[in-house]
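With CSV, C-alpha atoms inside, this is work-v9.csv:
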chain,number,residue,atom,x,y,z
R,46,MET,CA,106.1,102.9,159.4
R,47,GLY,CA,103.1,101.2,157.8
R,48,PHE,CA,100.9,101.8,154.9
R,49,SER,CA,97.3,101.0,153.8
R,50,ASN,CA,96.0,99.4,150.6
R,51,ASN,CA,95.0,102.0,148.1
R,52,TYR,CA,93.3,100.4,145.1
R,53,LYS,CA,93.2,103.7,143.2
R,54,GLU,CA,96.9,103.1,142.6
R,55,ALA,CA,96.3,99.5,141.4
R,56,ARG,CA,97.5,98.8,137.9
R,57,GLU,CA,97.2,95.5,136.0
R,58,ASN,CA,100.6,93.9,135.3
R,59,THR,CA,100.6,93.8,131.5
R,60,PHE,CA,103.2,92.9,129.0
R,61,ASP,CA,104.4,96.3,127.9
R,62,ASN,CA,106.3,96.2,124.6
R,63,LYS,CA,109.1,98.7,124.0
R,64,PRO,CA,109.6,99.6,120.4
R,65,GLU,CA,112.4,97.8,118.6
R,66,GLY,CA,115.4,100.0,117.9
R,67,GLU,CA,118.4,101.6,119.5
R,68,TYR,CA,118.5,102.7,123.1
R,69,GLU,CA,121.0,104.8,125.1
R,70,VAL,CA,121.4,103.0,128.4
R,71,ILE,CA,123.4,102.9,131.6
R,72,ILE,CA,124.9,99.6,132.9
R,73,LYS,CA,123.2,99.6,136.3
R,74,GLN,CA,123.9,96.1,137.6
R,75,ILE,CA,125.9,93.0,136.6
R,76,ASP,CA,125.1,89.7,138.3
R,77,GLU,CA,126.6,86.2,137.9
R,78,HIS,CA,123.8,83.6,138.3
R,79,GLY,CA,124.8,80.0,139.0
R,80,TYR,CA,122.4,77.2,138.0
R,81,THR,CA,122.4,73.5,137.3
R,82,LYS,CA,121.0,72.1,134.0
R,83,ASP,CA,121.0,68.5,133.2
R,84,GLY,CA,123.3,67.8,136.1
R,85,VAL,CA,125.9,70.4,134.9
R,86,SER,CA,126.7,73.5,136.9
R,87,LYS,CA,126.7,76.6,134.6
R,88,SER,CA,126.7,80.4,135.0
R,89,ARG,CA,125.1,83.3,133.2
R,90,LEU,CA,126.3,86.9,133.4
R,91,SER,CA,123.2,89.2,133.5
R,92,LEU,CA,123.4,93.0,132.7
R,93,LYS,CA,120.6,95.2,133.8
R,94,LEU,CA,120.5,98.3,131.5
R,95,LEU,CA,118.7,101.4,132.5
R,96,ILE,CA,117.2,103.4,129.6
R,97,ARG,CA,118.4,107.0,129.9
R,98,ASN,CA,116.0,109.8,130.5
R,99,ASP,CA,118.4,112.5,129.3
R,100,VAL,CA,118.1,111.4,125.7
R,101,ASP,CA,115.0,111.7,123.5
R,102,GLN,CA,113.9,108.1,123.2
R,103,PRO,CA,111.0,105.8,124.2
R,104,ALA,CA,110.7,103.9,127.5
R,105,LYS,CA,112.8,106.3,129.5
R,106,ASN,CA,113.7,104.9,133.0
R,107,GLY,CA,112.7,101.4,131.8
R,108,TYR,CA,115.1,98.5,131.8
R,109,LEU,CA,116.5,96.2,129.2
R,110,PHE,CA,118.4,93.0,130.0
R,111,HIS,CA,121.3,91.2,128.4
R,112,SER,CA,123.0,87.9,129.2
R,113,TYR,CA,126.3,86.2,128.5
R,114,PHE,CA,126.7,82.5,128.9
R,115,GLN,CA,129.9,80.6,129.8
R,116,ARG,CA,131.6,78.9,126.9
R,117,LYS,CA,131.2,75.1,126.6
R,118,THR,CA,134.8,75.0,125.2
R,119,PRO,CA,136.6,78.0,126.8
R,120,THR,CA,139.8,79.5,125.4
R,121,THR,CA,142.8,80.2,127.6
R,122,GLN,CA,141.7,83.9,127.8
R,123,ASP,CA,138.2,83.0,128.9
R,124,PHE,CA,139.7,81.8,132.2
R,125,TYR,CA,140.2,85.4,133.2
R,126,THR,CA,136.5,86.3,132.7
R,127,HIS,CA,135.0,83.2,134.5
R,128,TYR,CA,134.7,81.4,131.2
R,129,PHE,CA,132.5,84.0,129.7
R,130,PRO,CA,133.7,84.9,126.2
R,131,PHE,CA,136.7,87.1,126.6
R,132,SER,CA,136.3,88.7,123.2
R,133,GLN,CA,132.7,89.7,124.0
R,134,MET,CA,133.8,91.1,127.4
R,135,MET,CA,136.5,93.1,125.7
R,136,TRP,CA,133.9,94.4,123.2
R,137,LEU,CA,131.6,95.5,126.0
R,138,SER,CA,134.4,97.2,127.8
R,139,GLN,CA,135.6,99.0,124.7
R,140,GLN,CA,132.1,100.2,123.9
R,141,ALA,CA,131.7,101.4,127.5
R,142,GLY,CA,134.8,103.6,127.1
R,143,VAL,CA,137.1,101.7,129.5
R,144,PRO,CA,140.7,102.5,128.6
R,145,ASP,CA,142.6,99.8,126.6
R,146,GLY,CA,145.3,98.1,128.7
R,147,LYS,CA,143.6,98.7,132.0
R,148,ASN,CA,144.6,96.0,134.5
R,149,TYR,CA,142.3,94.1,136.8
R,150,GLU,CA,143.1,91.7,139.6
R,151,THR,CA,139.8,89.9,139.3
R,152,PHE,CA,136.8,89.5,137.0
R,153,GLU,CA,134.7,91.0,139.8
R,154,GLU,CA,136.8,94.2,139.7
R,155,PHE,CA,136.3,94.3,135.9
R,156,CYS,CA,132.5,94.0,136.3
R,157,LYS,CA,132.4,96.8,138.9
R,158,ASP,CA,134.3,99.1,136.6
R,159,LEU,CA,131.5,98.7,134.0
R,160,ILE,CA,128.8,99.8,136.4
R,161,ASP,CA,127.3,103.2,135.6
R,162,LYS,CA,129.0,103.3,132.2
R,163,CYS,CA,126.9,104.5,129.2
R,164,ILE,CA,126.5,102.4,126.0
R,165,ARG,CA,124.0,102.2,123.1
R,166,VAL,CA,122.2,98.9,122.4
R,167,ARG,CA,120.0,97.7,119.6
R,168,MET,CA,117.0,95.7,120.8
R,169,GLU,CA,114.7,93.4,118.7
R,170,TYR,CA,112.0,91.0,119.7
R,171,ASP,CA,112.8,87.3,119.3
R,172,ASN,CA,109.6,85.3,118.5
R,173,ASP,CA,111.6,82.1,118.7
R,174,ARG,CA,112.2,82.8,122.4
R,175,ALA,CA,108.6,83.5,123.4
R,176,TYR,CA,108.0,83.3,127.1
R,177,ARG,CA,104.4,82.5,128.1
R,178,GLY,CA,103.3,83.6,124.6
R,179,ASN,CA,105.2,86.9,124.6
R,180,PRO,CA,108.2,87.4,122.3
R,181,GLN,CA,111.4,88.2,124.3
R,182,GLU,CA,113.5,91.3,124.1
R,183,LYS,CA,116.9,90.5,122.7
R,184,ILE,CA,120.0,92.8,122.6
R,185,ILE,CA,121.5,92.2,119.2
R,186,ALA,CA,124.2,94.9,119.2
R,187,ILE,CA,126.3,96.9,121.7
R,188,MET,CA,127.8,100.1,120.6
R,189,LYS,CA,129.4,103.3,121.9
R,190,THR,CA,127.0,105.9,123.2
R,191,LYS,CA,126.2,108.9,121.0
R,192,HIS,CA,125.7,110.9,124.1
R,193,PRO,CA,128.8,110.5,126.3
R,194,GLU,CA,127.9,113.4,128.7
R,195,CYS,CA,125.3,111.6,130.9
R,196,LYS,CA,122.7,113.9,132.6
R,197,HIS,CA,120.3,111.1,133.6
R,198,ILE,CA,118.2,112.0,136.6
R,199,TYR,CA,117.8,109.0,138.9
R,200,ARG,CA,114.6,108.3,140.7
R,201,GLU,CA,114.8,108.0,144.5
R,202,GLN,CA,115.5,104.4,145.6
R,203,PRO,CA,114.3,102.8,148.8
R,204,ALA,CA,117.2,102.7,151.3
R,205,ALA,CA,116.6,99.1,152.3
R,206,ASN,CA,116.4,97.6,148.8
R,207,ASN,CA,119.8,96.4,147.5
R,208,GLY,CA,118.2,95.3,144.2
R,209,PHE,CA,119.5,91.8,144.2
R,210,ALA,CA,117.5,88.6,144.2
R,211,ALA,CA,118.4,85.5,146.2
R,212,GLY,CA,120.6,83.1,144.4
R,213,THR,CA,122.6,85.8,142.5
R,214,GLN,CA,126.1,87.0,143.0
R,215,GLN,CA,126.5,90.7,143.3
R,216,PHE,CA,130.1,91.5,142.7
R,217,SER,CA,130.4,93.3,146.1
R,218,ALA,CA,128.6,90.5,148.0
R,219,PRO,CA,129.6,86.9,148.7
R,220,ALA,CA,128.7,84.2,146.3
R,221,THR,CA,125.6,82.1,146.8
R,222,ALA,CA,124.8,78.4,146.0
R,223,ALA,CA,123.6,77.5,142.5
R,224,ALA,CA,119.9,76.8,142.0
R,225,ASP,CA,118.8,73.5,140.5
R,226,ILE,CA,117.0,73.9,137.2
R,227,SER,CA,116.1,70.5,136.0
R,228,THR,CA,113.6,71.5,133.3
R,229,ASP,CA,113.5,74.3,130.8
R,230,ASP,CA,109.6,74.6,131.0
R,231,ASP,CA,109.6,77.9,132.9
R,232,LEU,CA,112.8,79.6,131.5
R,233,PRO,CA,112.6,82.4,128.9
R,234,PHE,CA,115.7,81.1,127.1
Output the file's structure as C-alpha cells, nothing else.
Amino acid sequence: MGFSNNYKEARENTFDNKPEGEYEVIIKQIDEHGYTKDGVSKSRLSLKLLIRNDVDQPAKNGYLFHSYFQRKTPTTQDFYTHYFPFSQMMWLSQQAGVPDGKNYETFEEFCKDLIDKCIRVRMEYDNDRAYRGNPQEKIIAIMKTKHPECKHIYREQPAANNGFAAGTQQFSAPATAAADISTDDDLPF
C-alpha cells in the first residue's frame, strides 16, 4: 500500500503553546530512558500524558510530558522504584487511584498499573528551561482527577506503530543500551 505527496495537507511545524493551567489527562505511556552524562550512567522516567477530550478544556487530544530523575543519594525505599524517588512514585500512584497496600513484584509491574489511569496536572511554562528559544512546559503539580468516569474517545492508531523510540525501555519490551550524551547543548533540561 503506497501513498502520494499531497501538499494541500502540508502544515508548517510551529511551536504551539498550550495555555498554562490545569489539565485532565490519561497516563498513556511510561518509559525509562538510560543515558550517560559526564561518564555517569543515569536514567529518566518519562510520562506521556494524553489530554482528555471528554472534559471541557483546551488542547484536547494533545500531549503533556513529565519526567522523574533518579536520586543522586537514594533512600532504601528508592531501591524498589529503580532509584526514582519512592515518595513521588507513591504520590503519583495515590493520585491515579491505585489502592493503598497493593503489592508489586517489580517496578515494571507498578508502571504498567499506572497506564490508562486518569489524573489532573498543573502545567506552567519554564522560561529558565528554554529549548531553542521556546519556554518548556513543566508539570508543577499532580492531583486526583475531578472527572473519574473517563469517556475519552481515542483516535485510531496505525497498527504497525508501537509508539516507542529507539533507546527507550517500554515496560513490556526488553531494555536497550544507554545513549551517550556528553554535552547538554541539545537537551531541553
Rank nothing, just name the residue among R:Glu77, R:Asn98, R:Glu169, R:Gln140 nearest to Cys195 (chain R), using all atoms listed in the file.
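With all atoms listed in the file as the atom set, the closest residue is R:Asn98.
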Residue nearest Val70 (chain R) among R:Ala104, R:Ile96, R:Val143, R:Ile160 (counting all atoms listed in the file)
R:Ile96
Considering all atoms listed in the file, return as a PyMOL selection string whatever protein or nucleic-acid residues lie within 9 Å of region 130-134 of chain R, sequence-local ones (same chain, fewer than 5 positions apart) excluded.
chain R and resi 113-116+119-120+122-125+139
Take the selection from the previous step and output its residues with C-alpha atoms, as a short mmCIF file (atom, residue, chain, number, x, y, z; two decimals), in the frame of the given file.
data_model
loop_
_atom_site.label_atom_id
_atom_site.label_comp_id
_atom_site.auth_asym_id
_atom_site.auth_seq_id
_atom_site.Cartn_x
_atom_site.Cartn_y
_atom_site.Cartn_z
CA TYR R 113 126.30 86.20 128.50
CA PHE R 114 126.70 82.50 128.90
CA GLN R 115 129.90 80.60 129.80
CA ARG R 116 131.60 78.90 126.90
CA PRO R 119 136.60 78.00 126.80
CA THR R 120 139.80 79.50 125.40
CA GLN R 122 141.70 83.90 127.80
CA ASP R 123 138.20 83.00 128.90
CA PHE R 124 139.70 81.80 132.20
CA TYR R 125 140.20 85.40 133.20
CA GLN R 139 135.60 99.00 124.70
#
Straight-line distance linking CA of Pro144 (chain R) with CA of Leu159 (chain R), stated in Å to one decimal
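Interatomic distance here is 11.3 Å.
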I'd like the interatomic distance between CA of Met135 (chain R) and CA of Asp171 (chain R), to a tenth of an Å.
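Result for CA of Met135 (chain R) versus CA of Asp171 (chain R): 25.2 Å, one decimal.
Shortest separation to Ile187 (chain R) among R:Tyr199, R:His78, R:Phe152, R:Arg167 occurs at residue R:Arg167, atoms counted being only C-alpha atoms.
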